[in-house]
Amino acid sequence: MSKFKNRKTKELPAISTASLPDIVFMLLFFFMVATVMRKNTLMIANELPIANQVEKLDKKIE
């Protein structure tokens with residue numbers, strides 16, 4: 001005679017993985033189209049700084 005039903009016994013359905021390959025191929029296609037391969041070399045030389053004052057640091061154990 002109660003108006004409300006007990007919903008504790010209801011289980012969630014399993015997640016369908018049928019569309020997973022479609023999503024993977026769409027992402028693959030997107031990155032293949034969006035990626036640009038560089039044909040020219042850069043005109044700017046990238047020089048890293050040289051360390052001239054190097055000291056060994058002691059380990060601190062606190």
# chains A, B, ... in the order shown; residues from 1 in each chain; ligands from 1
>>> select_by_dssp(residues="chain A", states="alpha helix (DSSP H)", output="PyMOL selection string")
chain A and resi 20-34
>>> atom_distance(atom1="atom CA of Met32 of chain A", atom2="atom CA of Thr17 of chain A")
23.8 Å
>>> atom_distance(atom1="atom CA of Ser19 of chain A", atom2="atom CA of Phe31 of chain A")
18.8 Å
>>> atom_distance(atom1="atom CA of Phe25 of chain A", atom2="atom CA of Arg38 of chain A")
24.1 Å
